[in-house]
Amino acid sequence: MTPPLPPEPTEDRIIDAIQPIRAHALAVGIHHLFDTGLYASLEKADGATAAQLATAHGFDATRLAAFLKYLRNEGILRQDADLFRLTAKGRELHAFRGWYTMFIGGYAGTFMQLGEALKTGAAPATRDGRKVGIGANEISTTDTIPLASAMARRHLGTVRHVLDLGCGSGQYLVELCKAFPEARGWGVEPSRGGCDAAADNLRRHGLQDRVQLTCAPAQEFVKTPVSSFPADFGVVAFVLQEILGQGGDAAVEQFLRDTFERFPDLHLLALEVDYRLDDPALMHHGLGLAFYNPYYLLHPFTAQRLEPLAFWESLFTRCGLELVVKEPIDRRVDSTGLVVGFLLRRAR
């Protein structure tokens, strides 16, 4: 039987079918609005012309005008005569910059490599690790950092030595040192770009004398004697999934054993994402489609491995660790319950 012909590509069907193209272009445009510094300039000024912004940023005036008018047409900017200003919608985007930094700045190139990376034997897709780290840390200020601060205060009372294994831009260290003014910190980050971003971030907050940084993989760092830093609270935020993807279960177990051997009095907060890609209720939740569906997609392509929560609990038990408490992030921010903090210590 001859299959039926597809429907005619009438205007309404075309408009509906190409909405993902519009969304892609807009997400990229918003990222560049932030990343170029144009957003900061427009946020500070009560309007600026394309010529003024081009001069201030060293941009081509004709191309910049087209970019600004594109954003005007999408409702991010408004134009009054020659002046461009952020709309209310545009100003609200400030709080969501991290998502654009991580997904577009960090992973846009990764998405473009999916076809090639699907081939048998292909290398993992690449990503911009610095922007992934910066974006993830920016996102964390709304969810996992408040959880970390609350869990540390609730279960330890105070913190004097905080350790961040895989610190990215150092935002956990910044916020925890603010929450616990007596604390000193140590951040470990494998990428030079991430370390530089963390150093800049610490300087901006006047914490460069309270927090030291080491540019090294966390697995190597915990094998190195550090007798002068008795860490009592630590964070390993979405790092175990990296170690798991690249070295398997044994590598994660060795890393955790080495960590607690080096820091025996440590309470370690391990933050991970429950792997529920086949759960239809969660994957059709608004945040499930907007965030977790592309998040889950990226991981096998970038040598990261997500697992259900029960997998992590079993692994922690095998490492001789006690699960003090398990908590999701604030449901007002994310009602899926997929991001969970495991507070661990050596079994007693």
# chains A, B, ... in the order shown; residues from 1 in each chain; ligands from 1
call {"tool": "select_by_dssp", "arguments": {"residues": "range 205-339 of chain A", "states": "helix (DSSP H, G or I)", "output": "MDAnalysis selection string"}}
result
chainID A and resid 218:221 240:262 280:283 286:301 309:318
call {"tool": "closest_atom_pairs", "arguments": {"of": "range 108-176 of chain A", "to": "range 290-300 of chain A", "cutoff": "9 Å", "atoms": "only C-alpha atoms", "output": "JSON lines"}}
result
{"residue": "A:Thr110", "atom": "CA", "partner": "A:Leu298", "partner_atom": "CA", "distance": 7.7}
{"residue": "A:Phe111", "atom": "CA", "partner": "A:Leu298", "partner_atom": "CA", "distance": 7.7}
{"residue": "A:Leu114", "atom": "CA", "partner": "A:Leu298", "partner_atom": "CA", "distance": 8.8}
{"residue": "A:Pro124", "atom": "CA", "partner": "A:Pro300", "partner_atom": "CA", "distance": 8.1}
{"residue": "A:Ala125", "atom": "CA", "partner": "A:Leu298", "partner_atom": "CA", "distance": 8.9}
call {"tool": "residues_around", "arguments": {"residues": "Asp330 in chain A", "least_positions_apart": "3", "cutoff": "12 Å", "atoms": "only C-alpha atoms", "output": "VMD selection string"}}
result
chain A and resid 140 to 148 150 327 333 to 341
call {"tool": "write_last_selection", "arguments": {"atoms": "N, CA, C and O atoms", "output": "CSV table (one decimal), in the first residue's frame"}}
result
chain,number,residue,atom,x,y,z
A,140,SER,N,23.6,27.0,40.8
A,140,SER,CA,23.6,26.5,42.2
A,140,SER,C,23.2,27.5,43.2
A,140,SER,O,22.7,27.1,44.3
A,141,THR,N,23.3,28.8,42.9
A,141,THR,CA,23.0,29.8,43.9
A,141,THR,C,21.5,29.7,44.2
A,141,THR,O,21.0,30.2,45.3
A,142,THR,N,20.7,29.2,43.3
A,142,THR,CA,19.2,29.1,43.5
A,142,THR,C,18.8,27.8,44.2
A,142,THR,O,17.7,27.7,44.7
A,143,ASP,N,19.6,26.8,44.1
A,143,ASP,CA,19.1,25.5,44.6
A,143,ASP,C,20.1,24.7,45.5
A,143,ASP,O,19.9,24.6,46.7
A,144,THR,N,21.3,24.3,45.0
A,144,THR,CA,22.1,23.4,45.8
A,144,THR,C,23.0,24.1,46.8
A,144,THR,O,23.3,23.5,47.9
A,145,ILE,N,23.3,25.4,46.6
A,145,ILE,CA,24.1,26.1,47.6
A,145,ILE,C,23.3,26.4,48.8
A,145,ILE,O,23.7,26.2,50.0
A,146,PRO,N,22.0,26.9,48.7
A,146,PRO,CA,21.2,27.0,49.9
A,146,PRO,C,21.0,25.7,50.6
A,146,PRO,O,21.0,25.7,51.9
A,147,LEU,N,20.9,24.6,49.9
A,147,LEU,CA,20.8,23.3,50.5
A,147,LEU,C,22.1,22.9,51.3
A,147,LEU,O,22.0,22.5,52.4
A,148,ALA,N,23.2,23.2,50.7
A,148,ALA,CA,24.5,22.9,51.3
A,148,ALA,C,24.6,23.7,52.6
A,148,ALA,O,25.0,23.2,53.7
A,150,ALA,N,22.3,25.0,54.5
A,150,ALA,CA,21.3,24.6,55.5
A,150,ALA,C,21.7,23.3,56.1
A,150,ALA,O,21.6,23.1,57.3
A,327,GLU,N,18.5,14.7,51.1
A,327,GLU,CA,17.5,15.8,51.0
A,327,GLU,C,17.5,16.3,49.5
A,327,GLU,O,18.6,16.5,49.0
A,333,VAL,N,11.8,25.8,44.0
A,333,VAL,CA,12.7,26.0,42.8
A,333,VAL,C,12.5,24.8,41.8
A,333,VAL,O,12.6,25.0,40.6
A,334,ASP,N,12.4,23.6,42.4
A,334,ASP,CA,12.4,22.4,41.5
A,334,ASP,C,11.5,21.4,42.2
A,334,ASP,O,12.0,20.7,43.2
A,335,SER,N,10.3,21.1,41.7
A,335,SER,CA,9.4,20.2,42.4
A,335,SER,C,9.6,18.8,41.9
A,335,SER,O,8.9,17.9,42.4
A,336,THR,N,10.5,18.5,41.0
A,336,THR,CA,10.7,17.1,40.5
A,336,THR,C,11.4,16.3,41.6
A,336,THR,O,11.2,15.0,41.5
A,337,GLY,N,12.1,16.8,42.5
A,337,GLY,CA,12.9,16.0,43.5
A,337,GLY,C,14.1,15.3,42.9
A,337,GLY,O,14.6,14.4,43.5
A,338,LEU,N,14.5,15.6,41.7
A,338,LEU,CA,15.6,14.9,41.0
A,338,LEU,C,17.0,15.2,41.5
A,338,LEU,O,17.9,14.4,41.5
A,339,VAL,N,17.2,16.5,42.0
A,339,VAL,CA,18.5,16.8,42.5
A,339,VAL,C,18.5,16.6,44.0
A,339,VAL,O,17.7,17.1,44.7
A,340,VAL,N,19.5,15.8,44.4
A,340,VAL,CA,19.5,15.3,45.8
A,340,VAL,C,20.9,15.5,46.4
A,340,VAL,O,21.9,15.3,45.7
A,341,GLY,N,20.9,15.9,47.7
A,341,GLY,CA,22.2,16.0,48.4
A,341,GLY,C,22.3,14.8,49.4
A,341,GLY,O,21.4,14.6,50.2
call {"tool": "residues_around", "arguments": {"residues": "range 237-239 of chain A", "least_positions_apart": "6", "cutoff": "9 Å", "atoms": "only C-alpha atoms", "output": "ChimeraX atom specification"}}
result
/A:144,164-167,218,269-273,341
call {"tool": "residues_around", "arguments": {"residues": "Leu213 in chain A", "least_positions_apart": "3", "cutoff": "8 Å", "atoms": "only C-alpha atoms", "output": "list in words"}}
result
Trp186, Gly187, Val188, Glu189, Cys195 and Ala199 of chain A
call {"tool": "atom_distance", "arguments": {"atom1": "CA of Ala17 in chain A", "atom2": "CA of Leu5 in chain A"}}
result
17.1 Å
call {"tool": "select_by_dssp", "arguments": {"residues": "range 81-286 of chain A", "states": "strand (DSSP E)", "output": "VMD selection string"}}
result
chain A and resid 83 to 86 161 to 165 184 to 189 211 to 215 233 to 237 267 to 273
call {"tool": "closest_residue", "arguments": {"among": "A:His31, A:Arg192, A:His94, A:His155", "to": "Gly106 in chain A", "atoms": "only C-alpha atoms"}}
result
A:His31
call {"tool": "residues_around", "arguments": {"residues": "range 252-267 of chain A", "least_positions_apart": "6", "cutoff": "10 Å", "atoms": "only C-alpha atoms", "output": "NGL selection string"}}
result
:A and (152 or 155-156 or 161-163 or 165 or 218-227 or 229-235 or 239-246 or 315-324 or 342-346)
call {"tool": "atom_distance", "arguments": {"atom1": "CA of Gly47 in chain A", "atom2": "CA of Arg97 in chain A"}}
result
20.8 Å
call {"tool": "residues_around", "arguments": {"residues": "His24 in chain A", "least_positions_apart": "5", "cutoff": "12 Å", "atoms": "only C-alpha atoms", "output": "JSON, numbers by chain"}}
result
{"A": [18, 19, 29, 30, 31, 100, 103, 104, 108, 111, 112]}
call {"tool": "write_last_selection", "arguments": {"atoms": "N, CA and C atoms", "output": "CSV table (one decimal), in the first residue's frame"}}
result
chain,number,residue,atom,x,y,z
A,18,ILE,N,8.8,25.1,12.7
A,18,ILE,CA,10.1,25.7,12.9
A,18,ILE,C,10.2,26.5,14.2
A,19,GLN,N,9.3,26.4,15.1
A,19,GLN,CA,9.5,27.0,16.4
A,19,GLN,C,10.8,26.6,17.1
A,29,GLY,N,21.2,33.9,21.2
A,29,GLY,CA,21.2,35.4,21.3
A,29,GLY,C,21.3,35.9,22.7
A,30,ILE,N,20.4,35.3,23.6
A,30,ILE,CA,20.4,35.7,25.0
A,30,ILE,C,21.8,35.4,25.6
A,31,HIS,N,22.4,34.2,25.3
A,31,HIS,CA,23.7,33.9,25.9
A,31,HIS,C,24.7,35.0,25.5
A,100,TYR,N,21.9,29.8,30.7
A,100,TYR,CA,22.4,30.1,29.3
A,100,TYR,C,23.9,29.9,29.3
A,103,PHE,N,24.3,25.8,29.3
A,103,PHE,CA,23.7,25.0,28.2
A,103,PHE,C,24.2,25.6,26.9
A,104,ILE,N,24.3,26.9,26.7
A,104,ILE,CA,24.7,27.5,25.4
A,104,ILE,C,26.2,27.7,25.4
A,108,ALA,N,26.6,24.2,23.7
A,108,ALA,CA,26.1,24.4,22.4
A,108,ALA,C,26.9,23.6,21.4
A,111,PHE,N,26.1,19.8,21.4
A,111,PHE,CA,24.9,19.4,20.7
A,111,PHE,C,25.2,19.3,19.2
A,112,MET,N,26.0,20.1,18.7
A,112,MET,CA,26.3,20.1,17.3
A,112,MET,C,27.2,18.9,16.9
